[in-house]
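Novice: This one is upload_19.cif, mmCIF, C-alpha atoms.
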data_start
loop_
_atom_site.group_PDB
_atom_site.id
_atom_site.type_symbol
_atom_site.label_atom_id
_atom_site.label_comp_id
_atom_site.auth_asym_id
_atom_site.auth_seq_id
_atom_site.Cartn_x
_atom_site.Cartn_y
_atom_site.Cartn_z
ATOM 1 C CA MET M 1 42.119 49.176 -14.292
ATOM 2 C CA ALA M 2 41.759 52.945 -13.937
ATOM 3 C CA GLN M 3 42.405 53.160 -17.672
ATOM 4 C CA LEU M 4 39.710 50.530 -18.425
ATOM 5 C CA PRO M 5 37.103 51.000 -15.672
ATOM 6 C CA SER M 6 34.337 49.043 -17.434
ATOM 7 C CA ALA M 7 36.474 46.036 -18.387
ATOM 8 C CA LEU M 8 36.299 42.543 -16.940
ATOM 9 C CA LEU M 9 39.847 41.435 -16.125
ATOM 10 C CA LEU M 10 40.911 37.766 -16.215
ATOM 11 C CA CYS M 11 44.473 36.687 -15.338
ATOM 12 C CA PRO M 12 44.895 32.905 -15.815
ATOM 13 C CA ASP M 13 48.172 31.262 -14.782
ATOM 14 C CA GLN M 14 50.140 28.985 -17.094
ATOM 15 C CA VAL M 15 49.839 25.349 -15.973
ATOM 16 C CA GLY M 16 52.816 24.623 -13.716
ATOM 17 C CA PHE M 17 52.956 28.173 -12.363
ATOM 18 C CA GLY M 18 51.105 30.051 -9.642
ATOM 19 C CA LEU M 19 48.494 27.977 -7.821
ATOM 20 C CA THR M 20 47.547 25.764 -10.775
ATOM 21 C CA ARG M 21 47.347 21.988 -10.567
ATOM 22 C CA ARG M 22 50.511 20.129 -11.552
ATOM 23 C CA PRO M 23 49.428 17.185 -13.769
ATOM 24 C CA SER M 24 51.768 14.197 -13.827
ATOM 25 C CA LEU M 25 53.872 14.120 -16.963
ATOM 26 C CA GLU M 26 55.085 10.633 -17.878
ATOM 27 C CA ILE M 27 58.137 10.633 -20.130
ATOM 28 C CA HIS M 28 58.457 7.441 -22.167
ATOM 29 C CA ARG M 29 59.831 6.431 -25.543
ATOM 30 C CA GLN M 30 56.401 6.511 -27.247
ATOM 31 C CA LEU M 31 55.940 10.183 -26.367
ATOM 32 C CA ARG M 32 55.665 12.295 -29.504
ATOM 33 C CA ARG M 33 57.780 15.381 -30.083
ATOM 34 C CA ASN M 34 55.937 18.457 -31.395
ATOM 35 C CA ASP M 35 52.590 16.756 -30.790
ATOM 36 C CA LEU M 36 50.351 19.743 -31.480
ATOM 37 C CA PRO M 37 47.179 18.591 -33.243
ATOM 38 C CA ALA M 38 45.416 21.198 -35.370
ATOM 39 C CA HIS M 39 42.624 21.578 -32.799
ATOM 40 C CA LEU M 40 45.026 23.321 -30.421
ATOM 41 C CA LEU M 41 45.680 26.166 -32.833
ATOM 42 C CA ARG M 42 42.504 25.999 -34.952
ATOM 43 C CA PRO M 43 39.867 24.579 -32.594
ATOM 44 C CA LYS M 44 36.432 23.975 -34.102
ATOM 45 C CA ASP M 45 34.935 23.072 -30.726
ATOM 46 C CA GLN M 46 36.500 24.650 -27.638
ATOM 47 C CA ALA M 47 34.926 22.110 -25.267
ATOM 48 C CA SER M 48 36.297 19.079 -27.107
ATOM 49 C CA ALA M 49 39.683 20.757 -27.456
ATOM 50 C CA LEU M 50 39.810 21.209 -23.687
ATOM 51 C CA ASP M 51 38.658 17.657 -22.904
ATOM 52 C CA SER M 52 41.227 16.078 -25.219
ATOM 53 C CA LEU M 53 44.286 17.855 -23.798
ATOM 54 C CA THR M 54 47.044 15.449 -22.765
ATOM 55 C CA PRO M 55 49.259 16.227 -19.741
ATOM 56 C CA LEU M 56 52.079 17.175 -22.125
ATOM 57 C CA GLN M 57 49.816 19.577 -24.031
ATOM 58 C CA MET M 58 48.555 21.116 -20.777
ATOM 59 C CA TYR M 59 52.102 22.238 -20.037
ATOM 60 C CA THR M 60 52.558 23.781 -23.495
ATOM 61 C CA LEU M 61 51.795 27.405 -24.225
ATOM 62 C CA SER M 62 49.302 26.407 -26.931
ATOM 63 C CA GLY M 63 47.534 24.030 -24.554
ATOM 64 C CA ASN M 64 47.337 26.773 -21.963
ATOM 65 C CA ALA M 65 45.662 28.956 -24.593
ATOM 66 C CA VAL M 66 42.939 26.303 -24.931
ATOM 67 C CA ILE M 67 42.391 26.461 -21.155
ATOM 68 C CA ALA M 68 42.353 30.281 -21.207
ATOM 69 C CA ASN M 69 39.817 30.284 -24.046
ATOM 70 C CA ALA M 70 37.590 27.896 -22.096
ATOM 71 C CA LEU M 71 37.818 30.192 -19.059
ATOM 72 C CA LEU M 72 36.905 33.212 -21.165
ATOM 73 C CA ASN M 73 34.039 31.500 -22.983
ATOM 74 C CA SER M 74 32.531 30.194 -19.729
ATOM 75 C CA GLU M 75 32.714 33.525 -17.883
ATOM 76 C CA PRO M 76 29.141 34.137 -16.585
ATOM 77 C CA LEU M 77 29.496 37.916 -16.822
ATOM 78 C CA LEU M 78 30.022 37.563 -20.578
ATOM 79 C CA PRO M 79 27.045 35.347 -21.556
ATOM 80 C CA SER M 80 27.301 36.135 -25.255
ATOM 81 C CA GLY M 81 31.050 36.656 -25.400
ATOM 82 C CA PRO M 82 32.894 39.979 -25.396
ATOM 83 C CA SER M 83 32.137 42.501 -28.127
ATOM 84 C CA SER M 84 35.850 43.249 -28.150
ATOM 85 C CA LEU M 85 38.765 41.689 -26.372
ATOM 86 C CA LEU M 86 42.127 42.928 -25.165
ATOM 87 C CA VAL M 87 44.742 40.211 -24.744
ATOM 88 C CA ILE M 88 48.125 41.019 -23.192
ATOM 89 C CA GLY M 89 51.001 38.559 -22.990
ATOM 90 C CA HIS M 90 54.509 39.062 -21.641
ATOM 91 C CA SER M 91 57.659 37.175 -22.675
ATOM 92 C CA MET M 92 56.755 33.466 -23.120
ATOM 93 C CA GLY M 93 53.223 34.387 -22.129
ATOM 94 C CA ALA M 94 53.053 36.363 -25.378
ATOM 95 C CA ILE M 95 52.921 33.016 -27.219
ATOM 96 C CA THR M 96 49.907 31.916 -25.171
ATOM 97 C CA ALA M 97 48.315 35.345 -25.638
ATOM 98 C CA ALA M 98 48.844 35.139 -29.391
ATOM 99 C CA ALA M 99 47.188 31.708 -29.550
ATOM 100 C CA VAL M 100 44.212 32.990 -27.513
ATOM 101 C CA ALA M 101 43.900 36.067 -29.714
ATOM 102 C CA VAL M 102 44.030 34.044 -32.948
ATOM 103 C CA SER M 103 41.347 31.641 -31.717
ATOM 104 C CA GLN M 104 39.012 34.416 -30.539
ATOM 105 C CA ALA M 105 39.492 36.474 -33.704
ATOM 106 C CA ARG M 106 38.570 33.486 -35.843
ATOM 107 C CA GLN M 107 35.371 33.127 -33.806
ATOM 108 C CA GLY M 108 34.387 36.625 -34.918
ATOM 109 C CA THR M 109 35.523 38.635 -31.878
ATOM 110 C CA VAL M 110 37.372 41.901 -32.414
ATOM 111 C CA VAL M 111 40.710 41.317 -30.671
ATOM 112 C CA ASN M 112 43.388 43.798 -29.664
ATOM 113 C CA LEU M 113 46.620 41.962 -28.887
ATOM 114 C CA ILE M 114 49.546 43.480 -27.008
ATOM 115 C CA LEU M 115 52.768 41.490 -27.040
ATOM 116 C CA GLU M 116 55.231 42.718 -24.433
ATOM 117 C CA SER M 117 58.832 41.631 -25.033
ATOM 118 C CA PRO M 118 57.478 38.590 -26.945
ATOM 119 C CA ALA M 119 59.779 35.566 -26.600
ATOM 120 C CA PHE M 120 59.140 33.880 -29.943
ATOM 121 C CA LEU M 121 62.407 31.966 -30.251
ATOM 122 C CA THR M 122 62.045 30.746 -33.841
ATOM 123 C CA ASN M 123 60.872 31.972 -37.209
ATOM 124 C CA PRO M 124 57.332 31.162 -38.404
ATOM 125 C CA THR M 125 56.571 27.865 -40.096
ATOM 126 C CA LYS M 126 53.371 26.099 -41.117
ATOM 127 C CA HIS M 127 54.520 22.593 -40.187
ATOM 128 C CA LEU M 128 56.664 20.997 -37.479
ATOM 129 C CA LYS M 129 57.863 17.451 -37.905
ATOM 130 C CA SER M 130 56.302 15.153 -35.317
ATOM 131 C CA SER M 131 58.109 11.994 -34.212
ATOM 132 C CA THR M 132 58.503 9.682 -31.224
ATOM 133 C CA ILE M 133 61.315 10.738 -28.923
ATOM 134 C CA GLY M 134 62.883 7.275 -28.490
ATOM 135 C CA ALA M 135 64.276 5.518 -25.430
ATOM 136 C CA VAL M 136 67.552 7.463 -25.216
ATOM 137 C CA THR M 137 65.847 10.851 -25.506
ATOM 138 C CA ALA M 138 63.222 9.837 -22.941
ATOM 139 C CA LEU M 139 65.941 8.821 -20.481
ATOM 140 C CA SER M 140 67.800 12.079 -21.094
ATOM 141 C CA LEU M 141 64.637 14.147 -20.538
ATOM 142 C CA ARG M 142 63.841 12.294 -17.314
ATOM 143 C CA PHE M 143 67.361 12.968 -16.068
ATOM 144 C CA GLN M 144 67.175 16.657 -17.014
ATOM 145 C CA ARG M 145 63.814 17.043 -15.288
ATOM 146 C CA ALA M 146 65.053 15.327 -12.112
ATOM 147 C CA PHE M 147 68.183 17.482 -12.087
ATOM 148 C CA LEU M 148 66.159 20.679 -12.538
ATOM 149 C CA ARG M 149 63.771 19.709 -9.728
ATOM 150 C CA LEU M 150 66.758 19.065 -7.460
ATOM 151 C CA VAL M 151 68.331 22.421 -8.280
ATOM 152 C CA LEU M 152 65.058 24.296 -7.792
ATOM 153 C CA GLN M 153 64.679 22.795 -4.318
ATOM 154 C CA LEU M 154 68.236 23.352 -3.100
ATOM 155 C CA PRO M 155 68.281 25.331 0.166
ATOM 156 C CA GLY M 156 69.491 28.866 -0.321
ATOM 157 C CA LEU M 157 68.960 28.938 -4.083
ATOM 158 C CA THR M 158 65.570 29.680 -5.671
ATOM 159 C CA TYR M 159 63.859 30.166 -2.301
ATOM 160 C CA ASN M 160 66.502 32.727 -1.409
ATOM 161 C CA ARG M 161 65.911 36.449 -1.716
ATOM 162 C CA ARG M 162 69.335 37.019 -3.295
ATOM 163 C CA PHE M 163 68.482 34.623 -6.171
ATOM 164 C CA TRP M 164 65.530 36.766 -7.236
ATOM 165 C CA GLU M 165 67.380 40.026 -6.637
ATOM 166 C CA ARG M 166 70.145 38.965 -9.019
ATOM 167 C CA GLY M 167 67.699 37.741 -11.642
ATOM 168 C CA LEU M 168 65.496 40.836 -11.554
ATOM 169 C CA SER M 169 68.530 43.120 -11.559
ATOM 170 C CA VAL M 170 69.579 41.581 -14.876
ATOM 171 C CA ALA M 171 66.082 41.496 -16.391
ATOM 172 C CA SER M 172 64.939 44.953 -15.289
ATOM 173 C CA GLN M 173 66.026 48.432 -14.353
ATOM 174 C CA LEU M 174 64.356 48.228 -10.927
ATOM 175 C CA ASP M 175 66.257 49.224 -7.806
ATOM 176 C CA GLY M 176 65.666 50.311 -4.232
ATOM 177 C CA GLU M 177 62.211 49.771 -2.728
ATOM 178 C CA ALA M 178 60.685 48.936 -6.123
ATOM 179 C CA LEU M 179 63.115 46.037 -6.521
ATOM 180 C CA LYS M 180 62.406 44.774 -2.992
ATOM 181 C CA ARG M 181 58.643 44.739 -3.646
ATOM 182 C CA GLN M 182 59.043 42.811 -6.883
ATOM 183 C CA VAL M 183 61.450 40.319 -5.299
ATOM 184 C CA LEU M 184 58.792 39.543 -2.698
ATOM 185 C CA ARG M 185 56.129 39.060 -5.372
ATOM 186 C CA TYR M 186 58.343 36.779 -7.448
ATOM 187 C CA ARG M 187 59.232 34.662 -4.429
ATOM 188 C CA TRP M 188 55.641 34.003 -3.380
ATOM 189 C CA PRO M 189 54.836 31.346 -6.060
ATOM 190 C CA SER M 190 57.951 29.366 -5.120
ATOM 191 C CA LEU M 191 56.265 28.599 -1.786
ATOM 192 C CA SER M 192 53.418 26.760 -3.559
ATOM 193 C CA VAL M 193 53.050 23.012 -3.158
ATOM 194 C CA ARG M 194 55.009 21.106 -5.861
ATOM 195 C CA TRP M 195 56.275 24.336 -7.370
ATOM 196 C CA ALA M 196 59.550 22.734 -8.496
ATOM 197 C CA TYR M 197 57.670 19.774 -9.975
ATOM 198 C CA GLY M 198 55.373 21.988 -12.040
ATOM 199 C CA LEU M 199 58.146 24.228 -13.309
ATOM 200 C CA SER M 200 60.366 21.289 -14.278
ATOM 201 C CA ASN M 201 57.439 19.734 -16.165
ATOM 202 C CA PHE M 202 56.890 23.007 -18.011
ATOM 203 C CA VAL M 203 60.553 23.207 -19.026
ATOM 204 C CA THR M 204 60.448 19.568 -20.178
ATOM 205 C CA ALA M 205 57.347 20.261 -22.276
ATOM 206 C CA ARG M 206 59.147 23.203 -23.873
ATOM 207 C CA LEU M 207 62.038 20.924 -24.812
ATOM 208 C CA ILE M 208 59.681 18.374 -26.368
ATOM 209 C CA THR M 209 57.292 20.762 -28.087
ATOM 210 C CA MET M 210 58.611 24.029 -29.504
ATOM 211 C CA GLU M 211 55.358 25.536 -30.732
ATOM 212 C CA ASP M 212 56.619 29.107 -31.150
ATOM 213 C CA ALA M 213 57.019 28.788 -34.926
ATOM 214 C CA LEU M 214 53.499 27.405 -35.453
ATOM 215 C CA VAL M 215 51.817 30.014 -33.251
ATOM 216 C CA LEU M 216 53.731 32.811 -34.979
ATOM 217 C CA HIS M 217 52.641 31.497 -38.379
ATOM 218 C CA GLU M 218 48.989 31.437 -37.261
ATOM 219 C CA LEU M 219 49.343 34.927 -35.775
ATOM 220 C CA ILE M 220 50.693 36.370 -39.030
ATOM 221 C CA GLU M 221 47.826 34.806 -40.975
ATOM 222 C CA ALA M 222 45.159 35.922 -38.495
ATOM 223 C CA SER M 223 46.503 39.489 -38.409
ATOM 224 C CA MET M 224 45.656 39.760 -42.114
ATOM 225 C CA GLU M 225 42.098 38.456 -41.707
ATOM 226 C CA GLY M 226 40.497 41.588 -40.246
ATOM 227 C CA ASN M 227 39.526 40.972 -36.605
ATOM 228 C CA LEU M 228 42.978 41.107 -35.002
ATOM 229 C CA ARG M 229 45.095 44.185 -34.273
ATOM 230 C CA VAL M 230 48.594 43.846 -32.780
ATOM 231 C CA LEU M 231 50.915 46.135 -30.826
ATOM 232 C CA ILE M 232 54.407 45.179 -29.624
ATOM 233 C CA VAL M 233 55.730 46.885 -26.492
ATOM 234 C CA THR M 234 59.227 46.451 -25.102
ATOM 235 C CA GLY M 235 61.699 48.194 -22.859
ATOM 236 C CA ASP M 236 64.566 49.813 -24.750
ATOM 237 C CA GLN M 237 67.009 48.206 -22.279
ATOM 238 C CA ASP M 238 65.620 44.655 -22.574
ATOM 239 C CA LYS M 239 68.493 42.154 -22.270
ATOM 240 C CA VAL M 240 66.332 39.005 -22.205
ATOM 241 C CA VAL M 241 64.496 39.560 -25.505
ATOM 242 C CA PRO M 242 66.627 42.098 -27.389
ATOM 243 C CA VAL M 243 64.870 45.025 -29.038
ATOM 244 C CA GLY M 244 66.157 43.779 -32.387
ATOM 245 C CA ARG M 245 64.016 40.652 -32.038
ATOM 246 C CA SER M 246 60.911 42.737 -31.359
ATOM 247 C CA LYS M 247 61.684 44.869 -34.422
ATOM 248 C CA PHE M 248 61.955 41.674 -36.484
ATOM 249 C CA LEU M 249 58.504 40.573 -35.276
ATOM 250 C CA GLN M 250 57.140 44.044 -36.025
ATOM 251 C CA LYS M 251 58.164 43.619 -39.665
ATOM 252 C CA LEU M 252 56.625 40.144 -39.854
ATOM 253 C CA LEU M 253 53.335 41.322 -38.365
ATOM 254 C CA GLN M 254 53.303 44.762 -40.011
ATOM 255 C CA CYS M 255 52.257 46.298 -36.701
ATOM 256 C CA ASP M 256 53.330 49.155 -34.442
ATOM 257 C CA LEU M 257 56.173 48.897 -31.927
ATOM 258 C CA GLU M 258 56.418 51.024 -28.783
ATOM 259 C CA LEU M 259 59.700 51.329 -26.877
ATOM 260 C CA ILE M 260 59.494 52.298 -23.207
ATOM 261 C CA GLU M 261 62.559 54.321 -22.352
ATOM 262 C CA GLY M 262 64.716 53.203 -19.452
ATOM 263 C CA CYS M 263 62.968 49.832 -18.991
ATOM 264 C CA GLY M 264 64.170 46.261 -19.331
ATOM 265 C CA HIS M 265 62.286 42.978 -19.781
ATOM 266 C CA ILE M 266 59.374 43.704 -17.421
ATOM 267 C CA ALA M 267 58.317 47.180 -18.512
ATOM 268 C CA HIS M 268 54.786 46.723 -17.133
ATOM 269 C CA GLU M 269 56.325 46.409 -13.653
ATOM 270 C CA GLU M 270 59.132 48.913 -14.097
ATOM 271 C CA ASP M 271 56.887 51.684 -15.428
ATOM 272 C CA PRO M 272 53.260 50.563 -14.996
ATOM 273 C CA GLU M 273 51.795 54.038 -15.588
ATOM 274 C CA ARG M 274 53.515 54.388 -18.944
ATOM 275 C CA PHE M 275 52.567 50.843 -19.930
ATOM 276 C CA ALA M 276 48.904 51.410 -19.042
ATOM 277 C CA GLU M 277 48.962 54.674 -20.981
ATOM 278 C CA LEU M 278 50.200 52.846 -24.100
ATOM 279 C CA VAL M 279 47.503 50.197 -23.702
ATOM 280 C CA ALA M 280 44.763 52.821 -23.417
ATOM 281 C CA ARG M 281 46.118 54.795 -26.370
ATOM 282 C CA PHE M 282 46.270 51.659 -28.511
ATOM 283 C CA LEU M 283 42.657 50.781 -27.689
ATOM 284 C CA LYS M 284 41.497 54.340 -28.370
ATOM 285 C CA ALA M 285 43.243 54.352 -31.751
ATOM 286 C CA GLN M 286 41.681 51.012 -32.704
ATOM 287 C CA ALA M 287 38.242 52.232 -31.574
ATOM 288 C CA MET M 288 38.570 55.365 -33.699
ATOM 289 C CA GLU M 289 39.620 53.273 -36.675
ATOM 290 C CA THR M 290 36.615 50.979 -36.180
ATOM 291 C CA ASP M 291 34.309 54.001 -35.848
ATOM 292 C CA GLY M 292 35.599 55.335 -39.132
ATOM 293 C CA LEU M 293 34.958 52.054 -40.906
ATOM 294 C CA SER M 294 31.567 51.290 -39.367
ATOM 295 C CA GLY M 295 30.124 54.736 -38.663
ATOM 296 C CA LYS M 296 29.525 53.825 -34.997
ATOM 297 C CA LYS M 297 30.082 56.379 -32.267
ATOM 298 C CA GLU M 298 32.005 54.144 -29.880
ATOM 299 C CA LEU M 299 33.527 50.718 -29.393
ATOM 300 C CA SER M 300 33.151 49.189 -25.941
ATOM 301 C CA THR M 301 35.855 46.950 -24.545
ATOM 302 C CA SER M 302 34.046 44.373 -22.429
ATOM 303 C CA GLY M 303 36.605 41.626 -22.111
ATOM 304 C CA THR M 304 40.234 41.719 -21.032
ATOM 305 C CA MET M 305 42.754 38.919 -20.506
#
Output the structure of this file as structure tokens.
Specialist:
Amino acid sequence: MAQLPSALLLCPDQVGFGLTRRPSLEIHRQLRRNDLPAHLLRPKDQASALDSLTPLQMYTLSGNAVIANALLNSEPLLPSGPSSLLVIGHSMGAITAAAVAVSQARQGTVVNLILESPAFLTNPTKHLKSSTIGAVTALSLRFQRAFLRLVLQLPGLTYNRRFWERGLSVASQLDGEALKRQVLRYRWPSLSVRWAYGLSNFVTARLITMEDALVLHELIEASMEGNLRVLIVTGDQDKVVPVGRSKFLQKLLQCDLELIEGCGHIAHEEDPERFAELVARFLKAQAMETDGLSGKKELSTSGTM
């Protein structure tokens, strides 16, 4: 925030994480796979898009983007919407961030999008085949969800400090006191009511609806339409989303890529000063570019997500 002192900062949680509500997700044989109506990715009316979300869609990354857009558009401190918007998404959250950025850019907002170690798992496509999952698949998904909930609640596993230490040691280059602080922060959400239920629902929704390819397609199109600028940031030691994948996305999006030396998958936590510096530099460069095109003296950043 020291880098963006005049910005309004919003940090919405993905449904199923943090302190969000955990809607009930019924898995039955009439449930449709890849059920992502056009209004999720190209909403004409944000309010109706929000009201029509099904429990399955609420747990998707695209559905969460609809919720985030509604939060942004209803923010009382931004009565007429932000003049420019910075959207940052990390890992799977980069998919939600991309969907938010695309929607806002198509509403006429100037959007600066930073994708940190973006976990787009598939290549872009304009269409995903939608079909009912069937009785056997529904039974299998119910079993997988129940098994995951059981594992997540086992004593000494995910509630245990060692579980998070091992995970963060693989995903990052943190050690010593810095690792201990992050372990504590990562453990806090697991103490929330129905944490295992929400997370297992999220994983199930990911298995049913793999929207990565659709969101990436929309992002590529929107990045060529004028209001959206993209920067990819990743740690050069990232083992979760390899640097090669980020370089592939850079070519698809024709954008810049910044590597943070000595960092893994959570560079914003491993080296927050360097990450904030890159964010500020990116915004300054985009503001200068806008000034050159419009003749204005400055570009204010009044909205941040």
Novice: Hey, can you check how far CA of Gln254 (chain M) sits from CA of Val233 (chain M)?
Specialist: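 Result for CA of Gln254 (chain M) versus CA of Val233 (chain M): 13.9 Å, one decimal.
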Novice: Taking into account all atoms listed in the file, which residue in the set M:Leu50, M:Leu228, M:Leu253, M:Ala285 is nearest to Gln107 (chain M)?
Specialist: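 Of M:Leu50, M:Leu228, M:Leu253, M:Ala285, the one nearest Gln107 (chain M) is M:Leu228, counting all atoms listed in the file.
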Novice: Given the file shown, enumerate the residues that the PyMOL selection byres ((chain M and resi 211) around 8) captures and present them as a ChimeraX atom specification.
Specialist: /M:34,36,60-62,209-210,212-215
Novice: Counting all atoms listed in the file, which residues have an atom no more than 8 Å from (60.4, 47.4, -12.6) in the file's coordinates? Please list them as a PyMOL selection string.
Specialist: chain M and resi 172-175+178-179+182+263-264+266-271
Novice: Figure out the distance between CA of Leu121 (chain M) and CA of Leu152 (chain M), please, to one decimal in Å.
Specialist: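 Interatomic distance, CA of Leu152 (chain M) to CA of Leu121 (chain M): 23.9 Å.
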Novice: Using only C-alpha atoms, find each residue in region 4-33 of chain M having at least one atom no more than 10 Å away from region 82-98 of chain M; report its shortest atom-to-atom pair and that distance in Å (one decimal), rows by chain then rising number, as JSON lines.
Specialist:
{"residue": "M:Ala7", "atom": "CA", "partner": "M:Leu86", "partner_atom": "CA", "distance": 9.4}
{"residue": "M:Leu8", "atom": "CA", "partner": "M:Pro82", "partner_atom": "CA", "distance": 9.5}
{"residue": "M:Leu9", "atom": "CA", "partner": "M:Leu86", "partner_atom": "CA", "distance": 9.4}
{"residue": "M:Leu10", "atom": "CA", "partner": "M:Val87", "partner_atom": "CA", "distance": 9.7}
{"residue": "M:Cys11", "atom": "CA", "partner": "M:Ile88", "partner_atom": "CA", "distance": 9.7}
{"residue": "M:Asp13", "atom": "CA", "partner": "M:Gly93", "partner_atom": "CA", "distance": 9.4}
{"residue": "M:Gln14", "atom": "CA", "partner": "M:Gly93", "partner_atom": "CA", "distance": 8.0}
